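This is target_7.cif. It holds mmCIF, N, CA and C atoms.
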```
data_input
loop_
_atom_site.label_atom_id
_atom_site.label_comp_id
_atom_site.auth_asym_id
_atom_site.auth_seq_id
_atom_site.Cartn_x
_atom_site.Cartn_y
_atom_site.Cartn_z
N MET A 1457 59.33 19.60 -82.19
CA MET A 1457 58.99 19.62 -83.60
C MET A 1457 58.22 20.89 -83.95
N ALA A 1458 57.39 21.35 -83.04
CA ALA A 1458 56.63 22.57 -83.31
C ALA A 1458 57.56 23.77 -83.53
N MET A 1459 58.62 23.84 -82.76
CA MET A 1459 59.57 24.95 -82.92
C MET A 1459 60.33 24.83 -84.25
N MET A 1460 60.65 23.61 -84.65
CA MET A 1460 61.32 23.45 -85.94
C MET A 1460 60.38 23.79 -87.08
N ALA A 1461 59.10 23.45 -86.95
CA ALA A 1461 58.12 23.80 -87.98
C ALA A 1461 57.98 25.32 -88.08
N TYR A 1462 58.01 25.98 -86.94
CA TYR A 1462 57.97 27.45 -86.93
C TYR A 1462 59.19 28.02 -87.64
N ASP A 1463 60.36 27.45 -87.37
CA ASP A 1463 61.58 27.92 -88.02
C ASP A 1463 61.51 27.72 -89.54
N VAL A 1464 60.93 26.62 -89.96
CA VAL A 1464 60.77 26.38 -91.40
C VAL A 1464 59.93 27.48 -92.02
N ARG A 1465 58.85 27.86 -91.35
CA ARG A 1465 57.97 28.90 -91.88
C ARG A 1465 58.64 30.27 -91.88
N VAL A 1466 59.40 30.58 -90.83
CA VAL A 1466 60.00 31.90 -90.71
C VAL A 1466 61.28 32.03 -91.51
N ASN A 1467 62.14 31.03 -91.45
CA ASN A 1467 63.47 31.12 -92.06
C ASN A 1467 63.64 30.28 -93.32
N ALA A 1468 62.57 29.65 -93.77
CA ALA A 1468 62.63 28.81 -94.98
C ALA A 1468 63.72 27.75 -94.87
N SER A 1469 63.77 27.08 -93.72
CA SER A 1469 64.81 26.07 -93.48
C SER A 1469 64.28 24.65 -93.70
N GLY A 1470 63.30 24.50 -94.55
CA GLY A 1470 62.68 23.20 -94.76
C GLY A 1470 63.61 22.14 -95.32
N ARG A 1471 64.46 22.53 -96.25
CA ARG A 1471 65.40 21.55 -96.83
C ARG A 1471 66.36 21.02 -95.77
N LEU A 1472 66.79 21.87 -94.89
CA LEU A 1472 67.67 21.45 -93.80
C LEU A 1472 66.92 20.49 -92.86
N LEU A 1473 65.68 20.82 -92.54
CA LEU A 1473 64.90 19.94 -91.69
C LEU A 1473 64.71 18.57 -92.33
N ALA A 1474 64.47 18.53 -93.63
CA ALA A 1474 64.30 17.26 -94.33
C ALA A 1474 65.55 16.39 -94.24
N GLU A 1475 66.72 17.02 -94.22
CA GLU A 1475 67.98 16.28 -94.14
C GLU A 1475 68.25 15.73 -92.74
N VAL A 1476 67.84 16.46 -91.71
CA VAL A 1476 68.22 16.06 -90.35
C VAL A 1476 67.12 15.32 -89.59
N ILE A 1477 65.88 15.34 -90.08
CA ILE A 1477 64.79 14.77 -89.29
C ILE A 1477 64.94 13.27 -89.09
N GLY A 1478 65.37 12.54 -90.10
CA GLY A 1478 65.56 11.10 -89.96
C GLY A 1478 66.55 10.73 -88.88
N PRO A 1479 67.78 11.23 -88.97
CA PRO A 1479 68.75 10.94 -87.92
C PRO A 1479 68.34 11.49 -86.56
N MET A 1480 67.61 12.58 -86.55
CA MET A 1480 67.23 13.19 -85.29
C MET A 1480 66.20 12.35 -84.53
N VAL A 1481 65.21 11.81 -85.22
CA VAL A 1481 64.20 11.01 -84.52
C VAL A 1481 64.66 9.58 -84.32
N GLY A 1482 65.53 9.08 -85.19
CA GLY A 1482 66.17 7.81 -84.96
C GLY A 1482 65.54 6.56 -85.53
N SER A 1483 64.23 6.55 -85.72
CA SER A 1483 63.61 5.33 -86.24
C SER A 1483 62.42 5.68 -87.13
N PRO A 1484 62.11 4.80 -88.08
CA PRO A 1484 60.95 5.05 -88.94
C PRO A 1484 59.65 5.13 -88.14
N ARG A 1485 59.54 4.37 -87.07
CA ARG A 1485 58.33 4.40 -86.24
C ARG A 1485 58.16 5.77 -85.57
N ALA A 1486 59.25 6.32 -85.07
CA ALA A 1486 59.19 7.65 -84.46
C ALA A 1486 58.88 8.70 -85.52
N LEU A 1487 59.43 8.53 -86.71
CA LEU A 1487 59.15 9.46 -87.80
C LEU A 1487 57.68 9.40 -88.19
N ALA A 1488 57.10 8.22 -88.16
CA ALA A 1488 55.68 8.07 -88.47
C ALA A 1488 54.81 8.84 -87.48
N GLY A 1489 55.29 9.01 -86.27
CA GLY A 1489 54.56 9.77 -85.27
C GLY A 1489 54.46 11.25 -85.59
N LEU A 1490 55.22 11.70 -86.55
CA LEU A 1490 55.18 13.10 -86.96
C LEU A 1490 54.22 13.32 -88.14
N HIS A 1491 53.27 12.42 -88.31
CA HIS A 1491 52.37 12.48 -89.46
C HIS A 1491 51.61 13.79 -89.58
N ASN A 1492 51.39 14.49 -88.48
CA ASN A 1492 50.68 15.77 -88.55
C ASN A 1492 51.51 16.85 -89.27
N TYR A 1493 52.78 16.62 -89.42
CA TYR A 1493 53.65 17.57 -90.11
C TYR A 1493 53.89 17.18 -91.57
N ALA A 1494 53.16 16.22 -92.08
CA ALA A 1494 53.35 15.75 -93.45
C ALA A 1494 53.21 16.88 -94.46
N LEU A 1495 52.22 17.73 -94.28
CA LEU A 1495 52.02 18.84 -95.22
C LEU A 1495 53.20 19.81 -95.18
N LEU A 1496 53.74 20.05 -94.01
CA LEU A 1496 54.91 20.92 -93.89
C LEU A 1496 56.08 20.34 -94.68
N PHE A 1497 56.32 19.03 -94.54
CA PHE A 1497 57.41 18.41 -95.28
C PHE A 1497 57.15 18.45 -96.78
N ALA A 1498 55.92 18.18 -97.17
CA ALA A 1498 55.60 18.13 -98.60
C ALA A 1498 55.71 19.50 -99.26
N LEU A 1499 55.30 20.54 -98.57
CA LEU A 1499 55.26 21.87 -99.20
C LEU A 1499 56.50 22.72 -98.93
N SER A 1500 57.17 22.49 -97.83
CA SER A 1500 58.25 23.41 -97.44
C SER A 1500 59.63 22.79 -97.38
N ALA A 1501 59.74 21.48 -97.59
CA ALA A 1501 61.03 20.84 -97.42
C ALA A 1501 61.60 20.30 -98.72
N GLY A 1502 61.13 20.79 -99.83
CA GLY A 1502 61.67 20.38 -101.12
C GLY A 1502 61.27 18.96 -101.49
N VAL A 1503 61.90 18.45 -102.53
CA VAL A 1503 61.60 17.11 -103.01
C VAL A 1503 61.94 16.07 -101.95
N GLY A 1504 63.06 16.23 -101.28
CA GLY A 1504 63.46 15.29 -100.24
C GLY A 1504 62.45 15.22 -99.11
N GLY A 1505 61.89 16.34 -98.74
CA GLY A 1505 60.88 16.37 -97.68
C GLY A 1505 59.61 15.67 -98.09
N GLY A 1506 59.25 15.79 -99.35
CA GLY A 1506 58.06 15.12 -99.85
C GLY A 1506 58.20 13.62 -99.91
N HIS A 1507 59.42 13.14 -99.96
CA HIS A 1507 59.66 11.70 -100.09
C HIS A 1507 60.14 11.04 -98.79
N ILE A 1508 60.09 11.75 -97.70
CA ILE A 1508 60.61 11.21 -96.44
C ILE A 1508 59.97 9.87 -96.09
N MET A 1509 58.65 9.78 -96.18
CA MET A 1509 57.95 8.54 -95.82
C MET A 1509 57.45 7.78 -97.05
N ASN A 1510 57.89 8.18 -98.22
CA ASN A 1510 57.53 7.50 -99.48
C ASN A 1510 56.04 7.29 -99.65
N GLY A 1511 55.26 8.26 -99.26
CA GLY A 1511 53.82 8.21 -99.48
C GLY A 1511 53.01 7.55 -98.39
N THR A 1512 53.62 7.16 -97.29
CA THR A 1512 52.85 6.47 -96.25
C THR A 1512 52.27 7.40 -95.18
N TRP A 1513 52.49 8.69 -95.29
CA TRP A 1513 51.93 9.61 -94.30
C TRP A 1513 50.42 9.43 -94.14
N PRO A 1514 49.64 9.35 -95.24
CA PRO A 1514 48.19 9.19 -95.06
C PRO A 1514 47.81 7.94 -94.27
N PHE A 1515 48.55 6.86 -94.44
CA PHE A 1515 48.26 5.66 -93.66
C PHE A 1515 48.40 5.95 -92.17
N TYR A 1516 49.49 6.58 -91.78
CA TYR A 1516 49.72 6.87 -90.37
C TYR A 1516 48.70 7.88 -89.84
N GLN A 1517 48.26 8.80 -90.69
CA GLN A 1517 47.22 9.74 -90.28
C GLN A 1517 45.89 9.01 -90.03
N ARG A 1518 45.53 8.10 -90.93
CA ARG A 1518 44.29 7.33 -90.74
C ARG A 1518 44.39 6.45 -89.50
N ASP A 1519 45.54 5.83 -89.30
CA ASP A 1519 45.73 4.97 -88.13
C ASP A 1519 45.59 5.78 -86.84
N ALA A 1520 46.14 6.97 -86.80
CA ALA A 1520 46.03 7.82 -85.61
C ALA A 1520 44.59 8.26 -85.39
N TRP A 1521 43.87 8.51 -86.48
CA TRP A 1521 42.47 8.91 -86.38
C TRP A 1521 41.63 7.78 -85.77
N VAL A 1522 41.85 6.56 -86.25
CA VAL A 1522 41.13 5.40 -85.71
C VAL A 1522 41.49 5.21 -84.23
N ASP A 1523 42.75 5.38 -83.88
CA ASP A 1523 43.17 5.25 -82.49
C ASP A 1523 42.50 6.32 -81.62
N LEU A 1524 42.41 7.53 -82.13
CA LEU A 1524 41.74 8.61 -81.39
C LEU A 1524 40.27 8.27 -81.16
N LEU A 1525 39.59 7.79 -82.20
CA LEU A 1525 38.19 7.41 -82.04
C LEU A 1525 38.02 6.26 -81.05
N ALA A 1526 38.96 5.34 -81.06
CA ALA A 1526 38.88 4.19 -80.16
C ALA A 1526 39.02 4.61 -78.70
N HIS A 1527 39.73 5.69 -78.45
CA HIS A 1527 39.94 6.15 -77.07
C HIS A 1527 38.95 7.22 -76.64
N ALA A 1528 38.12 7.69 -77.55
CA ALA A 1528 37.12 8.70 -77.20
C ALA A 1528 35.90 7.98 -76.62
N PRO A 1529 35.37 8.49 -75.53
CA PRO A 1529 34.20 7.82 -74.95
C PRO A 1529 32.97 7.99 -75.85
N ALA A 1530 32.20 6.92 -75.95
CA ALA A 1530 30.97 6.96 -76.75
C ALA A 1530 29.92 7.77 -76.00
N MET A 1531 29.19 8.57 -76.73
CA MET A 1531 28.14 9.39 -76.14
C MET A 1531 26.81 8.66 -76.31
N PRO A 1532 26.09 8.41 -75.24
CA PRO A 1532 24.84 7.66 -75.35
C PRO A 1532 23.79 8.36 -76.21
N GLU A 1533 23.83 9.67 -76.27
CA GLU A 1533 22.83 10.40 -77.06
C GLU A 1533 23.08 10.32 -78.57
N GLU A 1534 24.21 9.76 -78.97
CA GLU A 1534 24.47 9.61 -80.40
C GLU A 1534 23.52 8.60 -81.02
N GLY A 1535 23.12 7.61 -80.26
CA GLY A 1535 22.15 6.64 -80.74
C GLY A 1535 22.70 5.62 -81.73
N VAL A 1536 23.99 5.69 -82.02
CA VAL A 1536 24.60 4.75 -82.96
C VAL A 1536 25.80 4.12 -82.28
N SER A 1537 25.87 2.81 -82.35
CA SER A 1537 27.02 2.12 -81.76
C SER A 1537 28.04 1.86 -82.86
N TYR A 1538 29.10 2.61 -82.83
CA TYR A 1538 30.15 2.44 -83.84
C TYR A 1538 31.33 1.62 -83.32
N GLU A 1539 31.29 1.23 -82.05
CA GLU A 1539 32.43 0.50 -81.48
C GLU A 1539 32.74 -0.81 -82.20
N PRO A 1540 31.75 -1.64 -82.55
CA PRO A 1540 32.11 -2.89 -83.25
C PRO A 1540 32.82 -2.63 -84.58
N THR A 1541 32.34 -1.67 -85.34
CA THR A 1541 32.98 -1.34 -86.61
C THR A 1541 34.37 -0.79 -86.37
N LEU A 1542 34.50 0.05 -85.37
CA LEU A 1542 35.80 0.64 -85.05
C LEU A 1542 36.80 -0.44 -84.64
N ARG A 1543 36.37 -1.42 -83.87
CA ARG A 1543 37.27 -2.50 -83.49
C ARG A 1543 37.75 -3.29 -84.71
N GLU A 1544 36.83 -3.55 -85.64
CA GLU A 1544 37.19 -4.28 -86.86
C GLU A 1544 38.17 -3.47 -87.71
N VAL A 1545 37.93 -2.17 -87.83
CA VAL A 1545 38.84 -1.32 -88.59
C VAL A 1545 40.22 -1.31 -87.95
N ALA A 1546 40.29 -1.19 -86.63
CA ALA A 1546 41.58 -1.19 -85.92
C ALA A 1546 42.32 -2.50 -86.14
N LYS A 1547 41.61 -3.62 -86.09
CA LYS A 1547 42.24 -4.92 -86.33
C LYS A 1547 42.76 -5.02 -87.76
N SER A 1548 41.97 -4.54 -88.71
CA SER A 1548 42.39 -4.59 -90.11
C SER A 1548 43.63 -3.75 -90.35
N LEU A 1549 43.68 -2.56 -89.76
CA LEU A 1549 44.86 -1.71 -89.92
C LEU A 1549 46.09 -2.32 -89.28
N ALA A 1550 45.90 -2.99 -88.15
CA ALA A 1550 47.04 -3.62 -87.46
C ALA A 1550 47.64 -4.76 -88.27
N ARG A 1551 46.82 -5.42 -89.10
CA ARG A 1551 47.30 -6.54 -89.90
C ARG A 1551 48.02 -6.11 -91.17
N LEU A 1552 47.90 -4.86 -91.55
CA LEU A 1552 48.50 -4.43 -92.81
C LEU A 1552 50.02 -4.43 -92.74
N ALA A 1553 50.60 -4.81 -93.85
CA ALA A 1553 52.07 -4.82 -93.97
C ALA A 1553 52.50 -3.60 -94.77
N LYS A 1554 53.76 -3.48 -94.95
CA LYS A 1554 54.32 -2.40 -95.76
C LYS A 1554 53.81 -2.54 -97.20
N PRO A 1555 53.52 -1.41 -97.86
CA PRO A 1555 52.97 -1.50 -99.22
C PRO A 1555 53.95 -2.11 -100.21
N LYS A 1556 53.41 -2.77 -101.19
CA LYS A 1556 54.23 -3.35 -102.26
C LYS A 1556 54.57 -2.25 -103.26
N ASP A 1557 55.54 -2.51 -104.11
CA ASP A 1557 55.98 -1.51 -105.07
C ASP A 1557 54.91 -1.14 -106.09
N ASP A 1558 54.00 -2.07 -106.38
CA ASP A 1558 52.98 -1.80 -107.40
C ASP A 1558 51.73 -1.12 -106.84
N VAL A 1559 51.72 -0.81 -105.54
CA VAL A 1559 50.58 -0.17 -104.90
C VAL A 1559 51.00 1.22 -104.42
N ASP A 1560 50.14 2.20 -104.64
CA ASP A 1560 50.41 3.55 -104.16
C ASP A 1560 50.34 3.54 -102.63
N ALA A 1561 51.42 3.89 -101.97
CA ALA A 1561 51.52 3.78 -100.52
C ALA A 1561 50.49 4.63 -99.79
N CYS A 1562 50.06 5.73 -100.39
CA CYS A 1562 49.10 6.59 -99.69
C CYS A 1562 47.72 5.94 -99.61
N LEU A 1563 47.48 4.89 -100.39
CA LEU A 1563 46.19 4.19 -100.34
C LEU A 1563 46.18 3.05 -99.34
N LEU A 1564 47.31 2.75 -98.74
CA LEU A 1564 47.40 1.68 -97.76
C LEU A 1564 46.44 1.96 -96.60
N GLY A 1565 45.55 1.04 -96.34
CA GLY A 1565 44.59 1.20 -95.24
C GLY A 1565 43.35 1.98 -95.57
N PHE A 1566 43.25 2.51 -96.78
CA PHE A 1566 42.07 3.31 -97.15
C PHE A 1566 40.81 2.47 -97.16
N LYS A 1567 40.87 1.32 -97.79
CA LYS A 1567 39.71 0.43 -97.89
C LYS A 1567 39.32 -0.08 -96.49
N GLU A 1568 40.31 -0.38 -95.67
CA GLU A 1568 40.04 -0.89 -94.33
C GLU A 1568 39.41 0.17 -93.43
N THR A 1569 39.75 1.43 -93.66
CA THR A 1569 39.24 2.53 -92.83
C THR A 1569 37.86 2.99 -93.28
N ALA A 1570 37.48 2.69 -94.49
CA ALA A 1570 36.23 3.19 -95.06
C ALA A 1570 34.97 2.89 -94.23
N PRO A 1571 34.83 1.71 -93.62
CA PRO A 1571 33.60 1.48 -92.84
C PRO A 1571 33.42 2.49 -91.72
#
```
Would you mind giving the structure from this file in structure tokens?
Amino acid sequence: MAMMAYDVRVNASGRLLAEVIGPMVGSPRALAGLHNYALLFALSAGVGGGHIMNGTWPFYQRDAWVDLLAHAPAMPEEGVSYEPTLREVAKSLARLAKPKDDVDACLLGFKETAP
């Protein structure tokens, strides 16, 4: 993916990438794993690239952030125990379903991640 992102920047091939990325990765779950490239799709891949995940990129980014924090070792000198809150946030995110049509998809999980 990094090489394709480079090609988009150098050759302005974003629209082509937006067309082939779905079939290339094969599943929506695998596509969600590319959340770090959301800005590339939104800015360089035209309207189709901006709509690839229908606004759910921020949810997957927040979920990955919580997962990263959950796997990072706690430092005793921090003096604050955030693990209980982090476990609750992770459970809340895991229970979330696909957004409804009347809810902005980019806000999915925002309230749950706030603590």
Interface rows for region 1482-1556 of chain A against region 1457-1470 of chain A: nearest pair, Å to one decimal, 8 Å, all atoms listed in the file, as JSON lines:
```
{"residue": "A:Tyr1493", "atom": "CA", "partner": "A:Ala1461", "partner_atom": "CA", "distance": 8.0}
{"residue": "A:Leu1496", "atom": "C", "partner": "A:Gly1470", "partner_atom": "CA", "distance": 7.2}
{"residue": "A:Phe1497", "atom": "CA", "partner": "A:Gly1470", "partner_atom": "CA", "distance": 7.1}
{"residue": "A:Leu1499", "atom": "C", "partner": "A:Gly1470", "partner_atom": "CA", "distance": 7.5}
{"residue": "A:Ser1500", "atom": "C", "partner": "A:Gly1470", "partner_atom": "CA", "distance": 4.0}
{"residue": "A:Ala1501", "atom": "CA", "partner": "A:Gly1470", "partner_atom": "C", "distance": 3.6}
{"residue": "A:Gly1502", "atom": "N", "partner": "A:Gly1470", "partner_atom": "C", "distance": 5.3}
{"residue": "A:Gly1504", "atom": "C", "partner": "A:Gly1470", "partner_atom": "C", "distance": 8.0}
{"residue": "A:Gly1505", "atom": "CA", "partner": "A:Gly1470", "partner_atom": "C", "distance": 6.8}
```
Could you tell me which of A:Ala1498, A:His1527, A:Gln1517, A:Val1545 comes closest to Arg1471 (chain A) if we count only C-alpha atoms?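 Ranked by minimum distance to Arg1471 (chain A), first place goes to A:Ala1498.
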Where does DSSP see helix (DSSP H, G or I) in chain A, if you list the residues as a ChimeraX atom specification? /A:1458-1467,1470-1481,1484-1488,1491-1500,1502-1506,1513-1527,1532-1534,1539-1551,1561-1563,1566-1569
Residue members of the PyMOL selection byres ((chain A and resi 1563) around 7) in the file shown, as a PyMOL selection string: chain A and resi 1511-1512+1514-1515+1559-1562+1564-1567
Neighbours of Thr1541 (chain A) within 10 Å (only C-alpha atoms; same-chain residues fewer than 5 positions away dropped), as a ChimeraX atom specification? /A:1546-1547,1569,1571
Quick one: distance from CA of Leu1525 (chain A) to atom C of Leu1542 (chain A) in Å, one decimal? 8.4 Å
How would you write, as number ranges by chain, the residues chosen by the PyMOL selection byres (((chain A and resi 1488 and name CA) around 9) and name CA) on this structure? A: 1483-1487, 1489-1491, 1509, 1512-1513, 1516-1517
Would you work out the distance separating CA of Ile1508 (chain A) from CA of Gly1482 (chain A), expressed in Å to one decimal?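 Atom-to-atom, CA of Ile1508 (chain A) to CA of Gly1482 (chain A), that is 13.2 Å.
Here atom C of Arg1551 (chain A) stands at a distance of 14.4 Å from atom N of Arg1518 (chain A).
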